[in-house]
Each structure stands twice: as C-alpha cells, then as structure tokens.
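These notes concern the structure reproduced below.
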Amino acid sequence: PKAYHTASERVIERLLSGESVPMYERTFIKSNGHRFPVEVMVRLLRDVNGEPQYIHSVVRDISERKRSEDQRLELAIERERMTTLQNFLRDASHYFRTPLTSLKTSQYLLTQIHDNPVKEAHFLNVMKLEIARLERLIADMMMSTQLDQDTGNGLTFGRLDLGRVLPEIVETFSPSEKRDSYAEIVIEPEVSTGKLFIMASRAKLSVALHRIIENAVTYSPDDSKVTVRAYQDTQMICIEIKDEGIGITDEEMTILFQRFRRADRAIDMAHVGN
C-alpha cells in the first residue's frame, strides 16, 4: 500500500539526515494476502568517507507476542468486569436489604394486629412505600445498564430551552414526595427570562435533573431552600442545584460519581438518596 511506502520513505530520510531511528512496528503482507505484525530495526551503513552505502534491516515476526498481549488485555478486561460486578452486587445488596427488612417487619406486625384499622393502614402504607423504593432501585439499575451499553446512537438529541425544561421538572415534585422534608424549591429568575438553549436528550436530562433535585430535597432540613439556577458561561450552559443540607466532605468527593454509593453520613440518615 502507498501508506507503507510513504512511511518507509520517511524512515530513509531520517537515516540519511544522520538521525538514529528507534525500533518500530509495521504490518507486513504475505503473497497470499495474510497480514502479520513485525518489529523492524534499521541502521544506515556508510563507507570510510561517510557516504551512505546501504541500509541494514532486521525484521522479526511478533505475531506470537501480539497474541499474548491481546490475551493479557482480554484477561485484564475480564478481571475488571468481575470486579465491577462484585462491587455492584455488594452495593446493590445494601440498598435492597433496607426496604426488604422494612417489608418483613411490617408484614410480621400486620399478622399481630387484630381489629385496629389505623395501624393496619399505617403498615400497609409502609409496605407500599418500600415496594415503590424497590421498583425505583430496579429502574435505576436498568437505566444504568442501558447507559453503559449506549454509545449515543440510541439517544434522541434536540434543541431544548432550559427556561421551560427546568420549571417543568420542578412542577413534578408533589408534596407527597417531600413528606420527610419540606424544603422549598426555588428557581432563579434568570432561568425563565434568559435564552438558555442546549442540544440534549430531553428524556435522559429530565431524569438526571429530577434525581439531583430530589436528592437535594431529601437531604435538606425543614423550611430550607433548594435553589435551581442556570446561566451561560462563555461557550457553556451551566446548571446549578444548591441545597442547605449536610454537604459533601473532600474525602467523600472521591466517591461522588461511583454508582450506587452514598456517603457514610447519608447512609446513617433515614432518607434514601441517589
């Protein structure tokens, strides 16, 4: 191929200029069309007057070495997959254990209650909430798997106006979703008045923002504010969600983007965050 000849010509030019060419790899083609990797070592031999005489080349077939490297890479990838799966099962089991324990406790207490409609209704409601939590966990896991497998081809991008999208997301929060925390969600005025257009997947962006805002509400104290702000910074559109909750320490920042992980202080709380 022409590209091979061009690469060889560059090597010759470097040798003639007095440069020492380090060992390099090339792909050779046999007469039957079979391609195989080689390692090439070249040097220019000159006569007593320093004039170039010929180029001495040593070519070594490195097919076996490449196969071994590929096998080691595949093994490393498989080990990484196993580690990821083990971590996932460990973290997921923690999150499933809490609602399952609550369900078992409520179910047992229901069997001990006789002729007390108020308590029966209470424990049935607890079970309903825990079942909803389990459904939410499963949905989050499925979405994470889909995002891992999605290279972008399955996403539908469109021109979105954050001045409309953010208020619509906030409107989805009903009082029942804030039953344990009565933080007020406030949208900064510039969100609805500015021209904040982006190209994004509306469905995925809405889910992500809803999760973050919900998390802020969950961990905010009563009568506090969760502020949602969007603005343009040079060539970027920035979205900020600020709460008055327990915050994140510098040490906890290292696990911020680890899937299904929460800070120790969050785990100790009664709320369930994302």
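Chain labels run A, B, ... following the order of the structure tokens; each chain numbers its residues from 1, and ligands are numbered from 1 in the order shown.
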Next on the checklist: If we count only C-alpha atoms and set the cut-off at 8 Å, which residues sit around region 59-72 of chain A, ignoring sequence neighbours fewer than 5 positions away in its own chain? Please answer as a PyMOL selection string.
Outcome noted: chain A and resi 36-41
Dump all heavy atoms for the selected residues as a JSON list (two decimals), in the first residue's frame?
[["chain", "number", "residue", "atom", "x", "y", "z"],
["A", 36, "PHE", "N", 0.56, -9.72, 9.00],
["A", 36, "PHE", "CA", 1.15, -10.11, 10.28],
["A", 36, "PHE", "C", 2.03, -8.97, 10.79],
["A", 36, "PHE", "O", 2.64, -8.24, 10.00],
["A", 36, "PHE", "CB", 1.94, -11.41, 10.15],
["A", 36, "PHE", "CG", 3.11, -11.32, 9.22],
["A", 36, "PHE", "CD1", 4.41, -11.18, 9.73],
["A", 36, "PHE", "CD2", 2.94, -11.38, 7.84],
["A", 36, "PHE", "CE1", 5.50, -11.10, 8.87],
["A", 36, "PHE", "CE2", 4.03, -11.31, 6.98],
["A", 36, "PHE", "CZ", 5.30, -11.17, 7.50],
["A", 37, "PRO", "N", 2.11, -8.80, 12.10],
["A", 37, "PRO", "CA", 2.90, -7.72, 12.69],
["A", 37, "PRO", "C", 4.38, -8.08, 12.76],
["A", 37, "PRO", "O", 4.74, -9.24, 13.01],
["A", 37, "PRO", "CB", 2.29, -7.56, 14.08],
["A", 37, "PRO", "CG", 1.83, -8.94, 14.43],
["A", 37, "PRO", "CD", 1.37, -9.56, 13.14],
["A", 38, "VAL", "N", 5.22, -7.10, 12.55],
["A", 38, "VAL", "CA", 6.66, -7.31, 12.63],
["A", 38, "VAL", "C", 7.28, -6.16, 13.41],
["A", 38, "VAL", "O", 6.71, -5.08, 13.55],
["A", 38, "VAL", "CB", 7.32, -7.41, 11.25],
["A", 38, "VAL", "CG1", 6.78, -8.60, 10.46],
["A", 38, "VAL", "CG2", 7.15, -6.11, 10.47],
["A", 39, "GLU", "N", 8.47, -6.42, 13.89],
["A", 39, "GLU", "CA", 9.28, -5.41, 14.56],
["A", 39, "GLU", "C", 10.51, -5.17, 13.69],
["A", 39, "GLU", "O", 11.16, -6.12, 13.26],
["A", 39, "GLU", "CB", 9.69, -5.93, 15.95],
["A", 39, "GLU", "CG", 10.27, -4.89, 16.86],
["A", 39, "GLU", "CD", 10.49, -5.45, 18.25],
["A", 39, "GLU", "OE1", 11.30, -6.39, 18.38],
["A", 39, "GLU", "OE2", 9.84, -4.97, 19.20],
["A", 40, "VAL", "N", 10.78, -3.92, 13.39],
["A", 40, "VAL", "CA", 11.84, -3.59, 12.45],
["A", 40, "VAL", "C", 12.91, -2.76, 13.14],
["A", 40, "VAL", "O", 12.62, -1.80, 13.84],
["A", 40, "VAL", "CB", 11.28, -2.79, 11.23],
["A", 40, "VAL", "CG1", 12.40, -2.53, 10.23],
["A", 40, "VAL", "CG2", 10.13, -3.53, 10.59],
["A", 41, "MET", "N", 14.16, -3.18, 12.91],
["A", 41, "MET", "CA", 15.31, -2.41, 13.40],
["A", 41, "MET", "C", 16.17, -2.08, 12.18],
["A", 41, "MET", "O", 16.54, -2.99, 11.41],
["A", 41, "MET", "CB", 16.11, -3.22, 14.42],
["A", 41, "MET", "CG", 17.31, -2.48, 14.99],
["A", 41, "MET", "SD", 18.16, -3.42, 16.27],
["A", 41, "MET", "CE", 18.74, -4.82, 15.31]]
Item to check | Polymer residues at most 10 Å from Leu137 (chain A), only C-alpha atoms, same-chain spacing of 4 or more positions, as a PyMOL selection string | outcome: chain A and resi 92+95-96+131-133+141-143+260+274
Checklist entry - Per DSSP on the backbone, what are the strand (DSSP E) residues of region 50-210 of chain A, as a PyMOL selection string? => result chain A and resi 52-61+158-161+184-187+197-200
Next on the checklist: So that I can check the secondary structure, give me every residue of region 51-177 of chain A assigned alpha helix (DSSP H) by backbone DSSP, as JSON, numbers by chain.
Outcome noted: {"A": [63, 64, 65, 66, 67, 68, 69, 70, 71, 72, 73, 74, 75, 76, 77, 78, 79, 80, 81, 82, 83, 84, 85, 86, 87, 88, 89, 90, 91, 92, 93, 94, 95, 96, 97, 98, 99, 100, 101, 102, 103, 104, 105, 106, 107, 108, 109, 110, 111, 112, 117, 118, 119, 120, 121, 122, 123, 124, 125, 126, 127, 128, 129, 130, 131, 132, 133, 134, 135, 136, 137, 138, 139, 140, 141, 142, 143, 144, 145, 146, 147, 148, 149, 162, 163, 164, 165, 166, 167, 168, 169, 170, 171]}
Checklist entry - What's the 10 Å shell around Pro99 (chain A), counting only C-alpha atoms, without same-chain residues fewer than 5 positions away, as a list in words? => result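 Counting only C-alpha atoms, the residues come to His94, Lys104, Thr105, Val126, Met127, Leu129, Glu130, Ile131, Ala132, Arg133 and Leu134 of chain A.
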Please produce a file of the residues just selected, as a PDB file, in the first residue's frame, where the atoms kept are N, CA, C and O atoms.
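Here's the written file again_31.pdb:
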ATOM      1  N   HIS A  94     -26.829  -3.877  49.585  1.00  0.00           N
ATOM      2  CA  HIS A  94     -27.031  -2.965  50.716  1.00  0.00           C
ATOM      3  C   HIS A  94     -28.339  -2.195  50.564  1.00  0.00           C
ATOM      4  O   HIS A  94     -29.109  -2.053  51.518  1.00  0.00           O
ATOM      5  N   LYS A 104     -40.457  -7.001  55.655  1.00  0.00           N
ATOM      6  CA  LYS A 104     -40.618  -8.167  56.522  1.00  0.00           C
ATOM      7  C   LYS A 104     -41.167  -7.762  57.889  1.00  0.00           C
ATOM      8  O   LYS A 104     -42.050  -8.432  58.446  1.00  0.00           O
ATOM      9  N   THR A 105     -40.656  -6.643  58.432  1.00  0.00           N
ATOM     10  CA  THR A 105     -41.125  -6.181  59.735  1.00  0.00           C
ATOM     11  C   THR A 105     -42.597  -5.785  59.673  1.00  0.00           C
ATOM     12  O   THR A 105     -43.392  -6.154  60.547  1.00  0.00           O
ATOM     13  N   VAL A 126     -46.566   1.690  54.735  1.00  0.00           N
ATOM     14  CA  VAL A 126     -45.112   1.477  54.794  1.00  0.00           C
ATOM     15  C   VAL A 126     -44.684   0.466  53.744  1.00  0.00           C
ATOM     16  O   VAL A 126     -43.694   0.657  53.025  1.00  0.00           O
ATOM     17  N   MET A 127     -45.434  -0.632  53.624  1.00  0.00           N
ATOM     18  CA  MET A 127     -45.106  -1.655  52.637  1.00  0.00           C
ATOM     19  C   MET A 127     -45.227  -1.106  51.217  1.00  0.00           C
ATOM     20  O   MET A 127     -44.394  -1.396  50.348  1.00  0.00           O
ATOM     21  N   LEU A 129     -44.767   1.996  50.274  1.00  0.00           N
ATOM     22  CA  LEU A 129     -43.629   2.880  50.031  1.00  0.00           C
ATOM     23  C   LEU A 129     -42.346   2.091  49.776  1.00  0.00           C
ATOM     24  O   LEU A 129     -41.540   2.447  48.911  1.00  0.00           O
ATOM     25  N   GLU A 130     -42.149   1.011  50.532  1.00  0.00           N
ATOM     26  CA  GLU A 130     -40.931   0.206  50.352  1.00  0.00           C
ATOM     27  C   GLU A 130     -40.960  -0.537  49.020  1.00  0.00           C
ATOM     28  O   GLU A 130     -39.923  -0.710  48.376  1.00  0.00           O
ATOM     29  N   ILE A 131     -42.119  -0.984  48.597  1.00  0.00           N
ATOM     30  CA  ILE A 131     -42.231  -1.621  47.278  1.00  0.00           C
ATOM     31  C   ILE A 131     -41.907  -0.613  46.188  1.00  0.00           C
ATOM     32  O   ILE A 131     -41.209  -0.928  45.214  1.00  0.00           O
ATOM     33  N   ALA A 132     -42.393   0.614  46.356  1.00  0.00           N
ATOM     34  CA  ALA A 132     -42.079   1.668  45.383  1.00  0.00           C
ATOM     35  C   ALA A 132     -40.589   1.949  45.357  1.00  0.00           C
ATOM     36  O   ALA A 132     -39.999   2.202  44.305  1.00  0.00           O
ATOM     37  N   ARG A 133     -39.937   1.890  46.536  1.00  0.00           N
ATOM     38  CA  ARG A 133     -38.493   2.105  46.597  1.00  0.00           C
ATOM     39  C   ARG A 133     -37.749   1.009  45.849  1.00  0.00           C
ATOM     40  O   ARG A 133     -36.798   1.265  45.115  1.00  0.00           O
ATOM     41  N   LEU A 134     -38.196  -0.244  46.023  1.00  0.00           N
ATOM     42  CA  LEU A 134     -37.573  -1.359  45.303  1.00  0.00           C
ATOM     43  C   LEU A 134     -37.737  -1.193  43.792  1.00  0.00           C
ATOM     44  O   LEU A 134     -36.802  -1.433  43.013  1.00  0.00           O
TER      45      LEU A 134
END
All residues 12 Å or closer to Gly18 (chain A), only C-alpha atoms, same chain fewer than 2 positions away omitted, as a PDB file with all heavy atoms, in the first residue's frame:
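Everything below was put into selection_13.pdb:
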ATOM      1  N   VAL A  11      11.420   6.948   6.961  1.00  0.00           N
ATOM      2  CA  VAL A  11      12.495   6.305   7.724  1.00  0.00           C
ATOM      3  C   VAL A  11      13.832   6.517   7.019  1.00  0.00           C
ATOM      4  O   VAL A  11      14.847   6.849   7.649  1.00  0.00           O
ATOM      5  CB  VAL A  11      12.196   4.807   7.921  1.00  0.00           C
ATOM      6  CG1 VAL A  11      13.426   4.090   8.488  1.00  0.00           C
ATOM      7  CG2 VAL A  11      11.000   4.604   8.828  1.00  0.00           C
ATOM      8  N   ILE A  12      13.848   6.338   5.694  1.00  0.00           N
ATOM      9  CA  ILE A  12      15.082   6.520   4.926  1.00  0.00           C
ATOM     10  C   ILE A  12      15.571   7.967   5.032  1.00  0.00           C
ATOM     11  O   ILE A  12      16.775   8.227   5.199  1.00  0.00           O
ATOM     12  CB  ILE A  12      14.853   6.124   3.454  1.00  0.00           C
ATOM     13  CG1 ILE A  12      14.568   4.618   3.356  1.00  0.00           C
ATOM     14  CG2 ILE A  12      16.063   6.498   2.601  1.00  0.00           C
ATOM     15  CD1 ILE A  12      14.161   4.159   1.973  1.00  0.00           C
ATOM     16  N   GLU A  13      14.651   8.915   4.939  1.00  0.00           N
ATOM     17  CA  GLU A  13      15.022  10.328   5.061  1.00  0.00           C
ATOM     18  C   GLU A  13      15.648  10.617   6.415  1.00  0.00           C
ATOM     19  O   GLU A  13      16.622  11.375   6.512  1.00  0.00           O
ATOM     20  CB  GLU A  13      13.781  11.197   4.851  1.00  0.00           C
ATOM     21  CG  GLU A  13      13.269  11.204   3.416  1.00  0.00           C
ATOM     22  CD  GLU A  13      11.958  11.972   3.295  1.00  0.00           C
ATOM     23  OE1 GLU A  13      11.466  12.472   4.342  1.00  0.00           O
ATOM     24  OE2 GLU A  13      11.427  12.074   2.170  1.00  0.00           O
ATOM     25  N   ARG A  14      15.110  10.037   7.440  1.00  0.00           N
ATOM     26  CA  ARG A  14      15.662  10.247   8.783  1.00  0.00           C
ATOM     27  C   ARG A  14      17.052   9.648   8.904  1.00  0.00           C
ATOM     28  O   ARG A  14      17.950  10.250   9.509  1.00  0.00           O
ATOM     29  CB  ARG A  14      14.723   9.629   9.828  1.00  0.00           C
ATOM     30  CG  ARG A  14      13.380  10.340   9.943  1.00  0.00           C
ATOM     31  CD  ARG A  14      12.417   9.574  10.839  1.00  0.00           C
ATOM     32  NE  ARG A  14      12.904   9.495  12.203  1.00  0.00           N
ATOM     33  CZ  ARG A  14      12.287   8.773  13.164  1.00  0.00           C
ATOM     34  NH1 ARG A  14      11.182   8.084  12.868  1.00  0.00           N
ATOM     35  NH2 ARG A  14      12.781   8.744  14.383  1.00  0.00           N
ATOM     36  N   LEU A  15      17.253   8.461   8.326  1.00  0.00           N
ATOM     37  CA  LEU A  15      18.571   7.832   8.370  1.00  0.00           C
ATOM     38  C   LEU A  15      19.607   8.656   7.609  1.00  0.00           C
ATOM     39  O   LEU A  15      20.732   8.866   8.079  1.00  0.00           O
ATOM     40  CB  LEU A  15      18.495   6.415   7.793  1.00  0.00           C
ATOM     41  CG  LEU A  15      17.735   5.370   8.631  1.00  0.00           C
ATOM     42  CD1 LEU A  15      17.560   4.087   7.837  1.00  0.00           C
ATOM     43  CD2 LEU A  15      18.476   5.085   9.937  1.00  0.00           C
ATOM     44  N   LEU A  16      19.218   9.128   6.414  1.00  0.00           N
ATOM     45  CA  LEU A  16      20.142   9.918   5.603  1.00  0.00           C
ATOM     46  C   LEU A  16      20.502  11.242   6.254  1.00  0.00           C
ATOM     47  O   LEU A  16      21.584  11.792   6.030  1.00  0.00           O
ATOM     48  CB  LEU A  16      19.545  10.163   4.210  1.00  0.00           C
ATOM     49  CG  LEU A  16      19.415   8.922   3.312  1.00  0.00           C
ATOM     50  CD1 LEU A  16      18.667   9.255   2.030  1.00  0.00           C
ATOM     51  CD2 LEU A  16      20.793   8.340   2.995  1.00  0.00           C
ATOM     52  N   SER A  20      19.146   8.683  14.300  1.00  0.00           N
ATOM     53  CA  SER A  20      19.062   7.277  14.681  1.00  0.00           C
ATOM     54  C   SER A  20      17.590   6.912  14.846  1.00  0.00           C
ATOM     55  O   SER A  20      16.865   7.540  15.627  1.00  0.00           O
ATOM     56  CB  SER A  20      19.808   7.038  15.991  1.00  0.00           C
ATOM     57  OG  SER A  20      19.671   5.686  16.402  1.00  0.00           O
ATOM     58  N   VAL A  21      17.147   5.923  14.091  1.00  0.00           N
ATOM     59  CA  VAL A  21      15.733   5.528  14.120  1.00  0.00           C
ATOM     60  C   VAL A  21      15.545   4.385  15.113  1.00  0.00           C
ATOM     61  O   VAL A  21      16.162   3.326  14.971  1.00  0.00           O
ATOM     62  CB  VAL A  21      15.255   5.091  12.721  1.00  0.00           C
ATOM     63  CG1 VAL A  21      13.811   4.625  12.774  1.00  0.00           C
ATOM     64  CG2 VAL A  21      15.427   6.223  11.724  1.00  0.00           C
ATOM     65  N   ARG A  43      19.463   0.423  10.365  1.00  0.00           N
ATOM     66  CA  ARG A  43      20.568   1.360  10.537  1.00  0.00           C
ATOM     67  C   ARG A  43      21.237   1.567   9.182  1.00  0.00           C
ATOM     68  O   ARG A  43      21.216   0.681   8.307  1.00  0.00           O
ATOM     69  CB  ARG A  43      21.569   0.871  11.569  1.00  0.00           C
ATOM     70  CG  ARG A  43      22.287  -0.419  11.201  1.00  0.00           C
ATOM     71  CD  ARG A  43      23.387  -0.707  12.189  1.00  0.00           C
ATOM     72  NE  ARG A  43      24.075  -1.948  11.877  1.00  0.00           N
ATOM     73  CZ  ARG A  43      25.264  -2.273  12.393  1.00  0.00           C
ATOM     74  NH1 ARG A  43      25.861  -1.461  13.239  1.00  0.00           N
ATOM     75  NH2 ARG A  43      25.837  -3.413  12.065  1.00  0.00           N
ATOM     76  N   LEU A  44      21.804   2.726   9.021  1.00  0.00           N
ATOM     77  CA  LEU A  44      22.452   3.091   7.762  1.00  0.00           C
ATOM     78  C   LEU A  44      23.949   2.831   7.884  1.00  0.00           C
ATOM     79  O   LEU A  44      24.598   3.314   8.810  1.00  0.00           O
ATOM     80  CB  LEU A  44      22.185   4.572   7.444  1.00  0.00           C
ATOM     81  CG  LEU A  44      22.843   5.130   6.190  1.00  0.00           C
ATOM     82  CD1 LEU A  44      22.280   4.434   4.941  1.00  0.00           C
ATOM     83  CD2 LEU A  44      22.633   6.633   6.093  1.00  0.00           C
ATOM     84  N   LEU A  45      24.502   2.054   6.928  1.00  0.00           N
ATOM     85  CA  LEU A  45      25.938   1.777   6.906  1.00  0.00           C
ATOM     86  C   LEU A  45      26.610   2.694   5.899  1.00  0.00           C
ATOM     87  O   LEU A  45      26.130   2.873   4.777  1.00  0.00           O
ATOM     88  CB  LEU A  45      26.185   0.316   6.538  1.00  0.00           C
ATOM     89  CG  LEU A  45      25.582  -0.721   7.517  1.00  0.00           C
ATOM     90  CD1 LEU A  45      25.902  -2.132   7.042  1.00  0.00           C
ATOM     91  CD2 LEU A  45      26.123  -0.521   8.926  1.00  0.00           C
ATOM     92  N   ARG A  46      27.702   3.307   6.304  1.00  0.00           N
ATOM     93  CA  ARG A  46      28.443   4.238   5.443  1.00  0.00           C
ATOM     94  C   ARG A  46      29.848   3.711   5.201  1.00  0.00           C
ATOM     95  O   ARG A  46      30.380   2.889   5.957  1.00  0.00           O
ATOM     96  CB  ARG A  46      28.498   5.626   6.092  1.00  0.00           C
ATOM     97  CG  ARG A  46      27.124   6.246   6.367  1.00  0.00           C
ATOM     98  CD  ARG A  46      27.251   7.564   7.115  1.00  0.00           C
ATOM     99  NE  ARG A  46      25.939   8.145   7.435  1.00  0.00           N
ATOM    100  CZ  ARG A  46      25.283   8.976   6.644  1.00  0.00           C
ATOM    101  NH1 ARG A  46      25.838   9.337   5.467  1.00  0.00           N
ATOM    102  NH2 ARG A  46      24.105   9.466   6.991  1.00  0.00           N
ATOM    103  N   GLY A  50      32.210   8.305   4.818  1.00  0.00           N
ATOM    104  CA  GLY A  50      30.953   8.767   5.377  1.00  0.00           C
ATOM    105  C   GLY A  50      29.808   8.771   4.397  1.00  0.00           C
ATOM    106  O   GLY A  50      28.714   9.268   4.720  1.00  0.00           O
ATOM    107  N   GLU A  51      30.036   8.222   3.220  1.00  0.00           N
ATOM    108  CA  GLU A  51      28.979   8.179   2.229  1.00  0.00           C
ATOM    109  C   GLU A  51      28.057   6.981   2.488  1.00  0.00           C
ATOM    110  O   GLU A  51      28.540   5.887   2.804  1.00  0.00           O
ATOM    111  CB  GLU A  51      29.554   8.082   0.820  1.00  0.00           C
ATOM    112  CG  GLU A  51      30.351   9.302   0.386  1.00  0.00           C
ATOM    113  CD  GLU A  51      29.476  10.544   0.308  1.00  0.00           C
ATOM    114  OE1 GLU A  51      28.284  10.410  -0.080  1.00  0.00           O
ATOM    115  OE2 GLU A  51      29.968  11.638   0.653  1.00  0.00           O
ATOM    116  N   PRO A  52      26.752   7.160   2.335  1.00  0.00           N
ATOM    117  CA  PRO A  52      25.824   6.048   2.550  1.00  0.00           C
ATOM    118  C   PRO A  52      26.077   4.902   1.572  1.00  0.00           C
ATOM    119  O   PRO A  52      26.260   5.133   0.379  1.00  0.00           O
ATOM    120  CB  PRO A  52      24.449   6.685   2.307  1.00  0.00           C
ATOM    121  CG  PRO A  52      24.667   8.154   2.485  1.00  0.00           C
ATOM    122  CD  PRO A  52      26.064   8.424   2.011  1.00  0.00           C
TER     123      PRO A  52
END
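Counting only C-alpha atoms, the residue from A:Met199, A:Val207, A:Glu244, A:Thr234 that sits nearest to Pro221 (chain A) is A:Glu244.
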